[in-house]
Every structure is written in C-alpha cells, then in structure tokens.
$ cat upload-v7.txt   # compact mmCIF, C-alpha atoms
# COMPACT_ATOMS: atom_id res chain seq x y z
CA MET N 1 85.61 85.27 2.08
CA LYS N 2 82.60 86.64 3.95
CA SER N 3 82.76 89.86 1.94
CA LEU N 4 82.86 87.87 -1.28
CA THR N 5 79.84 85.83 -0.18
CA ARG N 6 77.90 88.98 0.66
CA SER N 7 78.82 90.59 -2.66
CA LEU N 8 77.45 87.56 -4.49
CA ALA N 9 74.19 87.59 -2.52
CA PRO N 10 72.45 90.28 -4.64
CA ARG N 11 73.37 88.36 -7.80
CA ARG N 12 71.90 85.17 -6.37
CA LEU N 13 68.75 87.05 -5.46
CA VAL N 14 68.46 88.50 -8.96
CA ALA N 15 68.95 85.03 -10.44
CA SER N 16 66.20 83.68 -8.17
CA LEU N 17 63.78 86.41 -9.23
CA ALA N 18 64.65 85.78 -12.90
CA LEU N 19 63.82 82.10 -12.40
CA ILE N 20 60.51 83.09 -10.85
CA GLY N 21 59.61 85.16 -13.89
CA VAL N 22 60.55 82.44 -16.38
CA VAL N 23 58.54 79.80 -14.52
CA ALA N 24 55.47 82.03 -14.25
CA LEU N 25 55.49 83.12 -17.89
CA SER N 26 56.05 79.63 -19.26
CA ALA N 27 53.43 77.96 -17.07
CA CYS N 28 50.67 80.53 -17.48
CA GLY N 29 50.43 79.87 -21.18
CA GLN N 30 50.03 76.11 -20.86
CA PRO N 31 46.65 74.38 -20.60
CA ASP N 32 46.20 72.39 -17.42
CA PRO N 33 45.16 68.78 -18.11
CA ALA N 34 44.32 68.37 -14.43
CA LEU N 35 41.32 70.66 -14.89
CA THR N 36 39.70 68.38 -17.45
CA ARG N 37 40.04 65.10 -15.56
CA ASP N 38 37.88 63.51 -12.89
CA ALA N 39 40.95 61.87 -11.32
CA PRO N 40 44.33 63.33 -10.35
CA TYR N 41 46.50 64.08 -13.36
CA ASP N 42 49.13 61.39 -12.84
CA PRO N 43 50.91 60.60 -16.15
CA TRP N 44 54.03 59.41 -14.29
CA GLU N 45 52.21 56.97 -12.01
CA ALA N 46 54.53 54.02 -12.64
CA GLU N 47 57.64 55.99 -11.69
CA ASN N 48 55.79 57.71 -8.85
CA ARG N 49 54.85 54.34 -7.38
CA ARG N 50 58.48 53.23 -7.48
CA VAL N 51 59.50 56.38 -5.63
CA HIS N 52 56.62 55.85 -3.19
CA ALA N 53 57.84 52.31 -2.45
CA PHE N 54 61.30 53.74 -1.76
CA ASN N 55 59.87 56.42 0.54
CA LYS N 56 57.80 53.84 2.43
CA SER N 57 60.85 51.66 2.95
CA LEU N 58 62.88 54.66 4.10
CA ASP N 59 60.14 55.66 6.52
CA ARG N 60 59.71 52.16 7.90
CA ASN N 61 63.40 51.52 8.44
CA ILE N 62 64.81 54.96 9.28
CA VAL N 63 62.40 57.87 9.62
CA ARG N 64 59.71 56.25 11.80
CA PRO N 65 62.10 54.67 14.35
CA THR N 66 64.22 57.83 14.43
CA GLY N 67 61.13 60.00 14.94
CA LYS N 68 59.83 57.77 17.73
CA GLY N 69 63.24 57.69 19.36
CA TYR N 70 63.59 61.45 19.10
CA THR N 71 60.18 62.02 20.69
CA ALA N 72 60.90 59.53 23.46
CA ALA N 73 64.34 60.97 24.24
CA VAL N 74 63.67 64.70 23.96
CA PRO N 75 61.43 66.38 26.57
CA ASP N 76 58.16 67.78 25.23
CA ASP N 77 59.11 71.33 26.21
CA VAL N 78 62.33 71.12 24.20
CA GLU N 79 60.47 69.75 21.17
CA THR N 80 58.03 72.65 21.40
CA VAL N 81 60.81 75.23 21.65
CA VAL N 82 62.67 73.80 18.64
CA SER N 83 59.47 73.69 16.57
CA ARG N 84 58.70 77.31 17.44
CA PHE N 85 62.22 78.35 16.46
CA ALA N 86 61.88 76.55 13.11
CA GLU N 87 58.48 78.16 12.47
CA ASN N 88 59.81 81.63 13.28
CA LEU N 89 62.60 81.21 10.72
CA THR N 90 60.03 80.56 7.98
CA LEU N 91 58.29 83.90 8.54
CA PRO N 92 60.62 86.01 6.32
CA ARG N 93 59.84 83.67 3.43
CA SER N 94 56.11 83.92 4.15
CA ILE N 95 56.30 87.72 4.27
CA LEU N 96 58.02 87.84 0.87
CA ASN N 97 55.50 85.44 -0.67
CA ASN N 98 52.59 87.46 0.71
CA ILE N 99 54.07 90.55 -0.92
CA LEU N 100 54.40 88.71 -4.24
CA GLN N 101 50.77 87.58 -3.92
CA GLY N 102 49.58 91.12 -3.23
CA ASN N 103 48.41 90.05 0.22
CA GLY N 104 49.24 93.14 2.26
CA LEU N 105 47.31 91.96 5.31
CA GLY N 106 49.14 88.64 5.41
CA ALA N 107 52.52 90.33 4.97
CA THR N 108 51.72 92.76 7.79
CA THR N 109 50.49 90.17 10.28
CA ASP N 110 53.45 87.88 9.59
CA THR N 111 55.82 90.83 10.02
CA TYR N 112 54.30 91.73 13.39
CA ARG N 113 54.49 88.10 14.49
CA LEU N 114 58.15 87.89 13.40
CA LEU N 115 59.07 91.08 15.27
CA VAL N 116 57.27 90.07 18.47
CA ASN N 117 58.53 86.49 18.59
CA THR N 118 62.09 87.42 17.60
CA THR N 119 62.35 90.09 20.30
CA LEU N 120 60.04 89.18 23.16
CA GLY N 121 60.22 85.50 22.22
CA LEU N 122 64.04 85.43 22.34
CA GLY N 123 64.64 84.57 18.70
CA GLY N 124 61.46 82.53 18.31
CA PHE N 125 62.05 80.02 21.08
CA PHE N 126 58.88 81.32 22.71
CA ASP N 127 55.58 82.40 21.16
CA PRO N 128 54.32 85.59 22.84
CA ALA N 129 52.51 86.54 19.62
CA THR N 130 49.99 83.75 20.17
CA GLU N 131 49.65 84.67 23.84
CA LEU N 132 48.84 88.22 22.70
CA ASN N 133 46.09 86.80 20.43
CA MET N 134 47.84 87.93 17.25
CA PRO N 135 46.69 86.31 13.97
CA GLU N 136 48.18 82.95 13.09
CA ARG N 137 51.07 82.87 10.62
CA THR N 138 49.97 82.53 7.02
CA ASN N 139 52.48 79.84 5.97
CA ALA N 140 52.59 81.45 2.52
CA ASP N 141 54.87 79.64 0.09
CA PHE N 142 55.91 80.11 -3.51
CA GLY N 143 53.71 77.29 -4.77
CA GLN N 144 50.79 79.32 -3.44
CA THR N 145 52.26 82.40 -5.11
CA LEU N 146 52.40 80.61 -8.48
CA HIS N 147 48.77 79.56 -8.03
CA THR N 148 47.85 83.20 -7.35
CA TRP N 149 49.63 84.18 -10.56
CA GLY N 150 47.60 81.65 -12.55
CA VAL N 151 50.25 78.94 -12.91
CA HIS N 152 48.67 75.51 -13.36
CA GLN N 153 49.10 72.66 -10.91
CA GLY N 154 50.61 70.29 -13.46
CA PRO N 155 51.14 66.55 -13.05
CA TYR N 156 51.26 64.87 -9.68
CA ILE N 157 54.75 63.77 -8.68
CA GLU N 158 56.19 61.93 -5.68
CA LEU N 159 59.66 63.14 -4.74
CA PRO N 160 62.33 61.01 -3.07
CA LEU N 161 62.51 61.83 0.66
CA LEU N 162 60.07 64.75 0.31
CA GLY N 163 56.98 62.78 -0.68
CA PRO N 164 53.84 63.93 -2.55
CA SER N 165 53.97 67.07 -4.69
CA THR N 166 53.01 68.47 -8.08
CA THR N 167 55.24 70.11 -10.66
CA ARG N 168 54.03 73.55 -9.56
CA GLU N 169 54.66 72.84 -5.88
CA THR N 170 58.07 71.32 -6.67
CA VAL N 171 59.11 74.51 -8.43
CA GLY N 172 57.67 76.43 -5.50
CA MET N 173 59.74 74.52 -2.94
CA THR N 174 62.89 75.07 -5.00
CA VAL N 175 62.31 78.80 -5.34
CA ASP N 176 61.46 79.10 -1.63
CA LEU N 177 64.90 77.71 -0.82
CA LEU N 178 66.62 80.08 -3.24
CA MET N 179 64.82 83.25 -2.23
CA ASN N 180 64.72 82.77 1.56
CA PRO N 181 66.00 86.15 2.79
CA LEU N 182 67.92 84.49 5.65
CA ASN N 183 70.21 82.82 3.10
CA TYR N 184 71.50 86.24 2.11
CA VAL N 185 71.62 87.82 5.56
CA LEU N 186 73.08 85.17 7.87
CA PRO N 187 76.66 83.96 7.39
CA ALA N 188 77.65 80.31 7.75
CA PRO N 189 77.19 78.38 9.96
CA GLU N 190 74.27 80.44 11.34
CA SER N 191 72.45 80.09 8.03
CA TYR N 192 72.19 76.32 8.61
CA TYR N 193 70.48 76.60 11.99
CA GLY N 194 67.08 76.83 10.33
CA THR N 195 67.66 73.62 8.38
CA ALA N 196 68.70 71.76 11.52
CA ALA N 197 65.66 73.08 13.41
CA SER N 198 63.35 72.13 10.54
CA VAL N 199 64.71 68.57 10.45
CA SER N 200 64.28 68.27 14.22
CA SER N 201 60.74 69.60 14.00
CA SER N 202 59.90 67.08 11.25
CA LEU N 203 61.24 64.19 13.34
CA SER N 204 59.20 65.44 16.27
CA ALA N 205 56.04 65.52 14.14
CA ARG N 206 56.76 62.02 12.81
CA GLY N 207 57.00 60.71 16.35
CA GLN N 208 54.00 62.59 17.73
CA TYR N 209 51.64 61.68 14.88
CA SER N 210 53.01 58.22 14.31
CA ASP N 211 49.66 56.40 14.52
CA THR N 212 47.99 58.72 12.02
CA ILE N 213 50.87 58.57 9.54
CA ASP N 214 51.19 54.80 9.90
CA SER N 215 47.49 54.32 9.17
CA VAL N 216 47.93 56.10 5.84
CA LEU N 217 51.39 54.97 4.83
CA HIS N 218 51.58 51.42 6.14
CA GLU N 219 48.04 50.23 6.85
CA SER N 220 45.83 51.49 4.00
CA ALA N 221 44.88 49.24 1.09
CA ASP N 222 46.69 51.47 -1.41
CA SER N 223 49.06 53.80 0.40
CA TYR N 224 50.07 55.54 -2.84
CA ARG N 225 46.50 56.63 -3.59
CA ALA N 226 45.82 57.42 0.05
CA SER N 227 48.87 59.68 0.30
CA GLN N 228 48.04 61.30 -3.01
CA SER N 229 44.45 61.97 -1.99
CA LEU N 230 45.37 63.48 1.36
CA TYR N 231 48.09 65.66 -0.11
CA LEU N 232 45.99 67.05 -2.95
CA GLN N 233 42.98 67.72 -0.70
CA ASN N 234 45.10 69.51 1.87
CA ARG N 235 46.86 71.51 -0.82
CA ARG N 236 43.58 72.47 -2.44
CA TYR N 237 42.25 73.57 0.93
CA LYS N 238 45.26 75.81 1.54
CA LEU N 239 45.02 77.39 -1.91
CA GLY N 240 41.31 78.05 -1.49
CA LYS N 241 41.27 78.92 2.22
CA GLY N 242 38.88 81.73 2.96
CA GLN N 243 37.05 81.34 -0.35
CA SER N 244 34.74 78.47 0.50
CA ASP N 245 33.12 77.02 3.59
CA THR N 246 32.86 73.56 2.06
CA TYR N 247 35.85 71.44 2.95
CA LEU N 248 36.05 67.75 3.64
CA ASP N 249 38.82 67.12 6.16
CA PRO N 250 40.79 64.19 4.68
CA TYR N 251 41.86 63.07 8.15
CA ASP N 252 38.28 62.24 9.11
CA ALA N 253 38.82 58.84 7.49
CA VAL N 254 42.22 58.12 9.03
CA SER N 255 40.79 55.76 11.63
CA GLY N 256 39.66 53.53 8.81
CA ASP N 257 40.94 53.40 5.25
CA PRO N 258 41.76 56.94 4.00
CA TYR N 259 41.24 55.70 0.46
CA ALA N 260 37.71 54.50 1.13
CA GLU N 261 36.11 57.75 0.00
CA THR N 262 37.74 57.52 -3.41
CA SER N 263 36.48 53.96 -3.70
CA ALA N 264 33.01 55.17 -2.75
CA ALA N 265 33.16 57.68 -5.57
CA ALA N 266 33.91 54.92 -8.03
CA SER N 267 30.91 52.92 -6.82
CA GLY N 268 28.53 55.77 -7.50
CA ASP N 269 28.14 57.18 -3.98
CA PRO N 270 27.74 60.95 -3.81
CA TYR N 271 31.20 62.44 -3.34
CA GLU N 272 32.56 65.77 -4.47
CA ASP N 273 35.82 65.18 -6.33
CA PRO N 274 38.50 67.35 -4.64
CA TYR N 275 40.59 67.61 -7.80
CA ASN N 276 38.15 69.43 -10.09
CA GLU N 277 39.71 72.88 -9.88
$ encode --input "upload-v7.txt" --output "structure tokens"
Amino acid sequence: MKSLTRSLAPRRLVASLALIGVVALSACGQPDPALTRDAPYDPWEAENRRVHAFNKSLDRNIVRPTGKGYTAAVPDDVETVVSRFAENLTLPRSILNNILQGNGLGATTDTYRLLVNTTLGLGGFFDPATELNMPERTNADFGQTLHTWGVHQGPYIELPLLGPSTTRETVGMTVDLLMNPLNYVLPAPESYYGTAASVSSSLSARGQYSDTIDSVLHESADSYRASQSLYLQNRRYKLGKGQSDTYLDPYDAVSGDPYAETSAAASGDPYEDPYNE
C-alpha cells in the first residue's frame, strides 16, 4: 500500500501544478473590479454575513473557550515548542512558493532556516536559527505567488471555520495544501503531525490573544466590517512588504472600535483607503 501511495505521489504533484497553471491563466485575463472601487469588492455580502454569524457563534461557543482552556492547561514552554514545530513544517511550502515567485533570496534563507532548525533544533522543536540571527522566515504562500503572477484579488469571501479571505487567497490556500512537499514525502500517520501541530498552535494563539480577538469579533459595532478591514489591510501589507514605508497598522485601533477608521473615511476625514490597489 505504501508503494502504491508513493507511486501516485508524482501524479498528484503534476495534477497540482496543472491546477496552478489553469488558475493563473484564467485569472490573469480577467479585469479586477476591486481596483475600481473605493470600498472592498464584496458582491456576496449577504451570504458572507451569514457565514460570519456562524463563525462568530462557533468562536463564542467552542473555539474561544477551547483556546482559553488550552492556554491555561498547557505550560507556556510546551505551547512555544509546538508552535515552533508547526512553523518549521511550513518552511518547505514557503521555499517552493519563493521559487515560483522568482524570489531566490527568500528561498535560500528559508532553506537555511529549515536545515538549521530541523537538525540543530531537533526537528523544529527549538529555534537555533533565530538565536544565530538568521533572517526571519518569509511565510510565502500561494496566494502571494498568484499576486506575483498578476492574478487579481477577486471578491471578498468569508469561509466557514477559516474566516476572511478572497477568491485568490482561497485558491491559494487550496493549492498550498495540495502542493505541500511533505504530503508526498511523509507516509501516514506522520503526514498528519503537521496538521495536529497547526491546530494546537491556532488554539494557543486564540487563547493568548483572546482580548484582542474579542475586541474585534465580539465587541466592535460591526464585527463583519471590522474583520474584513483588518484582514484586507494585513493581506495588502504582506503582498506589498518591502515596497512601501507607508503602512497603517490595523491593530492600532483595537483598543477602541477597529471599524472607527472606516467610519471616519465616510465622514470626510483624511484616510488613505487600504483597498485601492
């Protein structure tokens, strides 16, 4: 059975690369309505709001208490080790995306970090790369790769369980899962360790940053718009990192109403719209 699985791996990889090509070619030729609007391109707002209400309810009743319980029960050192392990497992994907983006420097630095943390860091449980002052990991993903190739952002969409996204980033997340090199190298059940570590890391983050997340998701006047604004600003920052020194950190307003800046824009106050790409 293992030999059969390994023989199918190249075919799955070829299918993933074929999907990449189809998505890129089809999207590059389409005009991007988001570029001509002053507000986020959100043609599916009604359905998005229904999904957002579901996600809020899920967070309030399951994710938030589970995250708080996880953080309270698990020692901080263990949480840190698990998060490092999860981050290390994302490096092969980042390396591949940097190659697809033509970012040789990013691919090289991520490769060095992977080698150092996997060997000296005992599989990524420790982070000697940071202690050696090596560059931070790039966190390159396929949504970023599509942006580099000229694929448009597309409509905003809120996904069940996963939260805010756009059509481009949704395709990117799907392709990232399909083309993760570890899926074709590690046999089961080892191939699922990364998923388990990622879920644990997400629960840890939900518990550690509970106040900040609650202020956006459960305390803002319009949590849908607040979440949308924060997501799109953060995504735009990542896509344009290193190209501009002007960046308004969306979390500066978390102590109050994160949606206040958008309201200020509507009232005529000077505010640079983060969605005019």
$ closest_residue --input "upload-v7.txt" --among "N:Ser57, N:Thr80, N:Asn97, N:Asn183" --to "Asp127 in chain N" --atoms "all atoms listed in the file"
N:Thr80
$ closest_residue --input "upload-v7.txt" --among "N:Leu89, N:Leu146, N:Ala107, N:Val78" --to "Val175 in chain N" --atoms "only C-alpha atoms"
N:Leu146
$ closest_residue --input "upload-v7.txt" --among "N:Tyr184, N:Tyr41, N:Tyr70, N:Phe125" --to "Phe85 in chain N" --atoms "only C-alpha atoms"
N:Phe125
$ residues_around --input "upload-v7.txt" --residues "range 90-94 of chain N" --least-positions-apart "3" --cutoff "8 Å" --atoms "only C-alpha atoms" --output "list in words"
Ala86, Glu87, Asn97, Asn98, Ala107, Asp110, Thr111, Leu114, Arg137, Thr138, Asn139, Ala140, Asp141, Asp176, Met179, Asn180, Pro181 and Leu182 of chain N
$ closest_residue --input "upload-v7.txt" --among "N:Gln144, N:Thr66, N:Thr108, N:Gln153" --to "Leu203 in chain N" --atoms "all atoms listed in the file"
N:Thr66
$ residues_around --input "upload-v7.txt" --residues "Thr109 in chain N" --least-positions-apart "6" --cutoff "10 Å" --atoms "only C-alpha atoms" --output "list of chain:residue names"
N:Ile95, N:Leu115, N:Met134, N:Pro135, N:Glu136, N:Arg137, N:Thr138
$ residues_around --input "upload-v7.txt" --residues "His52 in chain N" --least-positions-apart "3" --cutoff "7 Å" --atoms "only C-alpha atoms" --output "list of chain:residue names"
N:Asn48, N:Arg49, N:Asn55, N:Lys56, N:Glu158, N:Tyr224
$ atom_distance --input "upload-v7.txt" --atom1 "CA of Leu58 in chain N" --atom2 "CA of Tyr209 in chain N"
17.1 Å
$ atom_distance --input "upload-v7.txt" --atom1 "CA of Val82 in chain N" --atom2 "CA of Glu131 in chain N"
17.7 Å
